[in-house]
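Enquirer: Got query.pdb for you, PDB, C-alpha atoms, pLDDT in the B column:
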ATOM      1  CA  MET A   1     -13.299 -19.853  11.093  1.00 66.00           C
ATOM      2  CA  PRO A   2      -9.800 -18.466  10.991  1.00 88.00           C
ATOM      3  CA  VAL A   3      -7.819 -15.746   9.280  1.00 92.00           C
ATOM      4  CA  TYR A   4      -4.909 -16.970   7.134  1.00 94.00           C
ATOM      5  CA  ALA A   5      -2.016 -15.448   5.198  1.00 96.00           C
ATOM      6  CA  MET A   6      -2.558 -15.879   1.455  1.00 96.00           C
ATOM      7  CA  LYS A   7      -0.808 -14.498  -1.634  1.00 97.00           C
ATOM      8  CA  VAL A   8      -2.423 -12.393  -4.368  1.00 96.00           C
ATOM      9  CA  ALA A   9      -2.406 -14.557  -7.504  1.00 96.00           C
ATOM     10  CA  THR A  10      -4.475 -12.324  -9.795  1.00 94.00           C
ATOM     11  CA  LYS A  11      -6.017  -8.862  -9.708  1.00 93.00           C
ATOM     12  CA  THR A  12      -8.549  -7.515 -12.200  1.00 89.00           C
ATOM     13  CA  ALA A  13     -10.771  -4.466 -12.272  1.00 86.00           C
ATOM     14  CA  HIS A  14     -14.469  -5.206 -11.872  1.00 83.00           C
ATOM     15  CA  GLU A  15     -16.173  -4.579 -15.202  1.00 80.00           C
ATOM     16  CA  LYS A  16     -19.378  -3.216 -13.642  1.00 78.00           C
ATOM     17  CA  THR A  17     -17.808  -0.583 -11.383  1.00 78.00           C
ATOM     18  CA  ASP A  18     -14.590   1.372 -11.117  1.00 77.00           C
ATOM     19  CA  LYS A  19     -14.596   1.119  -7.306  1.00 81.00           C
ATOM     20  CA  LEU A  20     -13.861  -2.622  -6.963  1.00 87.00           C
ATOM     21  CA  PHE A  21     -11.201  -5.190  -7.807  1.00 91.00           C
ATOM     22  CA  ILE A  22     -11.585  -8.949  -8.165  1.00 91.00           C
ATOM     23  CA  TYR A  23      -8.694 -10.781  -6.535  1.00 94.00           C
ATOM     24  CA  THR A  24      -7.681 -14.412  -6.524  1.00 95.00           C
ATOM     25  CA  PHE A  25      -5.773 -15.260  -3.358  1.00 96.00           C
ATOM     26  CA  GLU A  26      -3.969 -18.579  -2.972  1.00 96.00           C
ATOM     27  CA  SER A  27      -1.936 -20.633  -0.542  1.00 95.00           C
ATOM     28  CA  PRO A  28      -0.596 -24.194  -0.542  1.00 95.00           C
ATOM     29  CA  ALA A  29      -2.982 -25.465   2.165  1.00 93.00           C
ATOM     30  CA  LEU A  30      -6.127 -23.507   1.270  1.00 92.00           C
ATOM     31  CA  GLY A  31      -6.031 -23.394  -2.519  1.00 94.00           C
ATOM     32  CA  GLN A  32      -7.682 -20.393  -4.153  1.00 95.00           C
ATOM     33  CA  ARG A  33     -10.280 -17.879  -2.968  1.00 94.00           C
ATOM     34  CA  THR A  34     -11.953 -15.204  -5.093  1.00 95.00           C
ATOM     35  CA  ILE A  35     -12.603 -12.021  -3.147  1.00 93.00           C
ATOM     36  CA  VAL A  36     -14.127  -8.764  -4.343  1.00 91.00           C
ATOM     37  CA  ALA A  37     -12.557  -5.806  -2.545  1.00 88.00           C
ATOM     38  CA  ASN A  38     -12.935  -2.044  -2.631  1.00 82.00           C
ATOM     39  CA  LEU A  39     -10.254   0.547  -3.253  1.00 69.00           C
ATOM     40  CA  THR A  40      -9.535   1.196   0.431  1.00 72.00           C
ATOM     41  CA  ASN A  41      -6.785  -1.445   0.463  1.00 75.00           C
ATOM     42  CA  VAL A  42      -5.259  -2.168  -2.943  1.00 83.00           C
ATOM     43  CA  TYR A  43      -2.984  -5.174  -3.318  1.00 90.00           C
ATOM     44  CA  ASP A  44      -0.556  -6.190  -6.049  1.00 91.00           C
ATOM     45  CA  VAL A  45       0.116  -9.660  -7.408  1.00 94.00           C
ATOM     46  CA  GLY A  46       2.571 -11.341  -5.035  1.00 95.00           C
ATOM     47  CA  ASP A  47       1.488  -9.432  -1.911  1.00 95.00           C
ATOM     48  CA  VAL A  48       0.747 -11.531   1.190  1.00 96.00           C
ATOM     49  CA  VAL A  49      -2.575 -10.547   2.741  1.00 95.00           C
ATOM     50  CA  ALA A  50      -4.618 -11.636   5.776  1.00 94.00           C
ATOM     51  CA  ILE A  51      -7.768 -13.357   4.491  1.00 95.00           C
ATOM     52  CA  ALA A  52     -10.781 -14.010   6.712  1.00 92.00           C
ATOM     53  CA  GLU A  53     -12.627 -17.150   5.635  1.00 92.00           C
ATOM     54  CA  LEU A  54     -16.404 -17.317   5.274  1.00 91.00           C
ATOM     55  CA  GLY A  55     -17.963 -17.913   8.676  1.00 87.00           C
ATOM     56  CA  THR A  56     -15.282 -15.914  10.507  1.00 89.00           C
ATOM     57  CA  ARG A  57     -16.598 -13.665  13.240  1.00 86.00           C
ATOM     58  CA  LEU A  58     -14.840 -10.299  13.252  1.00 85.00           C
ATOM     59  CA  PRO A  59     -15.666  -7.468  15.638  1.00 80.00           C
ATOM     60  CA  GLY A  60     -19.147  -6.371  14.593  1.00 79.00           C
ATOM     61  CA  VAL A  61     -19.674  -8.795  11.667  1.00 82.00           C
ATOM     62  CA  VAL A  62     -19.857 -12.468  10.696  1.00 86.00           C
ATOM     63  CA  LEU A  63     -18.659 -13.157   7.142  1.00 87.00           C
ATOM     64  CA  LYS A  64     -21.343 -14.787   5.020  1.00 89.00           C
ATOM     65  CA  PRO A  65     -21.301 -15.832   1.361  1.00 87.00           C
ATOM     66  CA  ARG A  66     -22.315 -12.949  -0.886  1.00 88.00           C
ATOM     67  CA  LYS A  67     -22.303 -11.775  -4.456  1.00 88.00           C
ATOM     68  CA  VAL A  68     -20.845  -8.386  -5.308  1.00 86.00           C
ATOM     69  CA  PHE A  69     -22.105  -7.123  -8.662  1.00 85.00           C
ATOM     70  CA  GLY A  70     -22.644 -10.748  -9.696  1.00 86.00           C
ATOM     71  CA  ILE A  71     -19.278 -12.121  -8.489  1.00 88.00           C
ATOM     72  CA  ASP A  72     -19.118 -14.582  -5.568  1.00 91.00           C
ATOM     73  CA  SER A  73     -16.831 -13.207  -2.861  1.00 92.00           C
ATOM     74  CA  GLU A  74     -15.348 -15.955  -0.676  1.00 92.00           C
ATOM     75  CA  GLY A  75     -14.097 -14.027   2.340  1.00 92.00           C
ATOM     76  CA  MET A  76     -12.585 -10.685   3.237  1.00 91.00           C
ATOM     77  CA  ALA A  77      -9.127  -9.228   2.668  1.00 92.00           C
ATOM     78  CA  LEU A  78      -8.013  -7.571   5.917  1.00 91.00           C
ATOM     79  CA  GLY A  79      -4.711  -6.054   4.908  1.00 91.00           C
ATOM     80  CA  PRO A  80      -1.112  -6.848   4.019  1.00 93.00           C
ATOM     81  CA  VAL A  81       0.898  -8.932   6.480  1.00 94.00           C
ATOM     82  CA  ASP A  82       4.493  -9.989   6.942  1.00 94.00           C
ATOM     83  CA  ALA A  83       3.828 -13.699   7.497  1.00 94.00           C
ATOM     84  CA  ALA A  84       4.437 -17.033   5.796  1.00 94.00           C
ATOM     85  CA  LEU A  85       1.614 -18.393   3.639  1.00 95.00           C
ATOM     86  CA  ASP A  86      -0.997 -20.391   5.585  1.00 95.00           C
ATOM     87  CA  THR A  87      -0.016 -18.746   8.901  1.00 93.00           C
ATOM     88  CA  ASP A  88      -3.047 -18.607  11.200  1.00 91.00           C
ATOM     89  CA  LEU A  89      -3.561 -14.901  11.984  1.00 91.00           C
ATOM     90  CA  THR A  90      -6.864 -15.296  13.813  1.00 89.00           C
ATOM     91  CA  ALA A  91      -5.659 -13.862  17.129  1.00 85.00           C
ATOM     92  CA  ALA A  92      -3.908 -10.911  15.478  1.00 85.00           C
ATOM     93  CA  PHE A  93      -7.230  -9.749  14.001  1.00 84.00           C
ATOM     94  CA  SER A  94      -9.410 -10.551  17.053  1.00 79.00           C
ATOM     95  CA  ALA A  95     -11.338 -12.999  14.893  1.00 78.00           C
ATOM     96  CA  ASP A  96     -13.653 -15.572  16.448  1.00 71.00           C
ATOM     97  CA  ALA A  97     -13.020 -14.115  19.890  1.00 68.00           C
ATOM     98  CA  SER A  98     -15.739 -14.585  22.451  1.00 64.00           C
ATOM     99  CA  PRO A  99     -17.778 -11.473  23.035  1.00 62.00           C
ATOM    100  CA  ARG A 100     -16.312  -9.506  25.918  1.00 63.00           C
ATOM    101  CA  THR A 101     -18.457  -9.023  28.962  1.00 68.00           C
ATOM    102  CA  PHE A 102     -18.600  -5.703  30.717  1.00 66.00           C
ATOM    103  CA  THR A 103     -20.218  -4.208  33.752  1.00 75.00           C
ATOM    104  CA  VAL A 104     -22.135  -0.964  33.893  1.00 79.00           C
ATOM    105  CA  THR A 105     -22.617   0.759  37.230  1.00 82.00           C
ATOM    106  CA  LEU A 106     -25.234   3.484  37.524  1.00 80.00           C
ATOM    107  CA  SER A 107     -25.869   5.896  40.323  1.00 85.00           C
ATOM    108  CA  ILE A 108     -29.316   7.424  40.357  1.00 87.00           C
ATOM    109  CA  GLU A 109     -30.195  10.209  42.746  1.00 82.00           C
TER     110      GLU A 109
END
Would you mind giving the structure from this file in structure tokens?
Expert:
Amino acid sequence: MPVYAMKVATKTAHEKTDKLFIYTFESPALGQRTIVANLTNVYDVGDVVAIAELGTRLPGVVLKPRKVFGIDSEGMALGPVDAALDTDLTAAFSADASPRTFTVTLSIE
């Protein structure tokens, strides 16, 4: 699944904790997504943000549906971007990339 540029439509504080916000992100092609996010990256209404869809494989994690304090979170906000809405940002965030292979050489004496 890809990462797309979406706009913040609404932002509300989570009523059960002061460490989370509930955002509604939207774009013409994708419609709306509700995402619960922490205070590490705080967005304002109108900001354009990279949104990883459910099922996206990011380095070290695959996004799965989850509830956060009772609210369904439909993806992950990855940070503000300077891109048109609906732009596919998958490559920019190394999403869905095949695992890299590597070689380890050992010398034992």
Enquirer: Between atom CA of A:Lys11 and atom CA of A:Leu85, measure the distance and give it in Å to one decimal.
Expert: 18.1 Å
Enquirer: Would you mind listing what lies within 9 Å of A:Arg57 as JSON, numbers by chain, with only C-alpha atoms counted and same-chain residues fewer than 4 positions away left out?
Expert: {"A": [1, 2, 52, 61, 62, 63, 94, 95, 96, 97]}
Enquirer: If you take only C-alpha atoms and a cut-off of 9 Å, which residues of stretch 42-71 of chain A touch stretch 25-36 of chain A, and what are their nearest atom pairs and distances in Å to one decimal, in chain and number order, as CSV?
Expert:
residue,atom,partner,partner_atom,distance
A:Val48,CA,A:Phe25,CA,8.8
A:Val49,CA,A:Phe25,CA,8.3
A:Ile51,CA,A:Phe25,CA,8.3
A:Glu53,CA,A:Arg33,CA,8.9
A:Lys67,CA,A:Val36,CA,8.7
A:Val68,CA,A:Val36,CA,6.8
A:Ile71,CA,A:Val36,CA,7.4
Enquirer: Deliver the residues from the most recent selection as a file, using C-alpha atoms, as a PDB file, keeping the file's coordinate frame.
Expert:
ATOM      1  CA  VAL A  48       0.747 -11.531   1.190  1.00 96.00           C
ATOM      2  CA  VAL A  49      -2.575 -10.547   2.741  1.00 95.00           C
ATOM      3  CA  ILE A  51      -7.768 -13.357   4.491  1.00 95.00           C
ATOM      4  CA  GLU A  53     -12.627 -17.150   5.635  1.00 92.00           C
ATOM      5  CA  LYS A  67     -22.303 -11.775  -4.456  1.00 88.00           C
ATOM      6  CA  VAL A  68     -20.845  -8.386  -5.308  1.00 86.00           C
ATOM      7  CA  ILE A  71     -19.278 -12.121  -8.489  1.00 88.00           C
TER       8      ILE A  71
END
Enquirer: In terms of the shortest atom-to-atom distance over only C-alpha atoms, which of A:Lys7, A:Leu54, A:Val45, A:Lys19 is closest to A:Thr87?
Expert: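 Among A:Lys7, A:Leu54, A:Val45, A:Lys19, it is A:Lys7 that comes nearest to A:Thr87.
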Enquirer: Enter the distance from atom CA of A:Ala37 to atom CA of A:Asp82, in Å, rounded to one decimal.
Expert: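 Straight-line distance from atom CA of A:Ala37 to atom CA of A:Asp82 works out to 20.0 Å.
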Enquirer: Calculate how many Å separate atom CA of A:Ser73 from atom CA of A:Ile22, rounding to one decimal.
Expert: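 These two atoms are separated by 8.6 Å.
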Enquirer: Give the centre and edge lengths of an axis-aligned box, in Å to one decimal, that holds all listed atoms of stretch 13-21 of chain A with 3 Å on each side, as AutoDock Vina command-line options.
Expert:
--center_x -15.1 --center_y -1.9 --center_z -11.1 --size_x 14.6 --size_y 12.6 --size_z 14.2
Enquirer: Between A:Gly46, A:Leu20, A:Ile108, A:Asn38, which one has atoms that come closest to A:Val8, using only C-alpha atoms?
Expert: A:Gly46
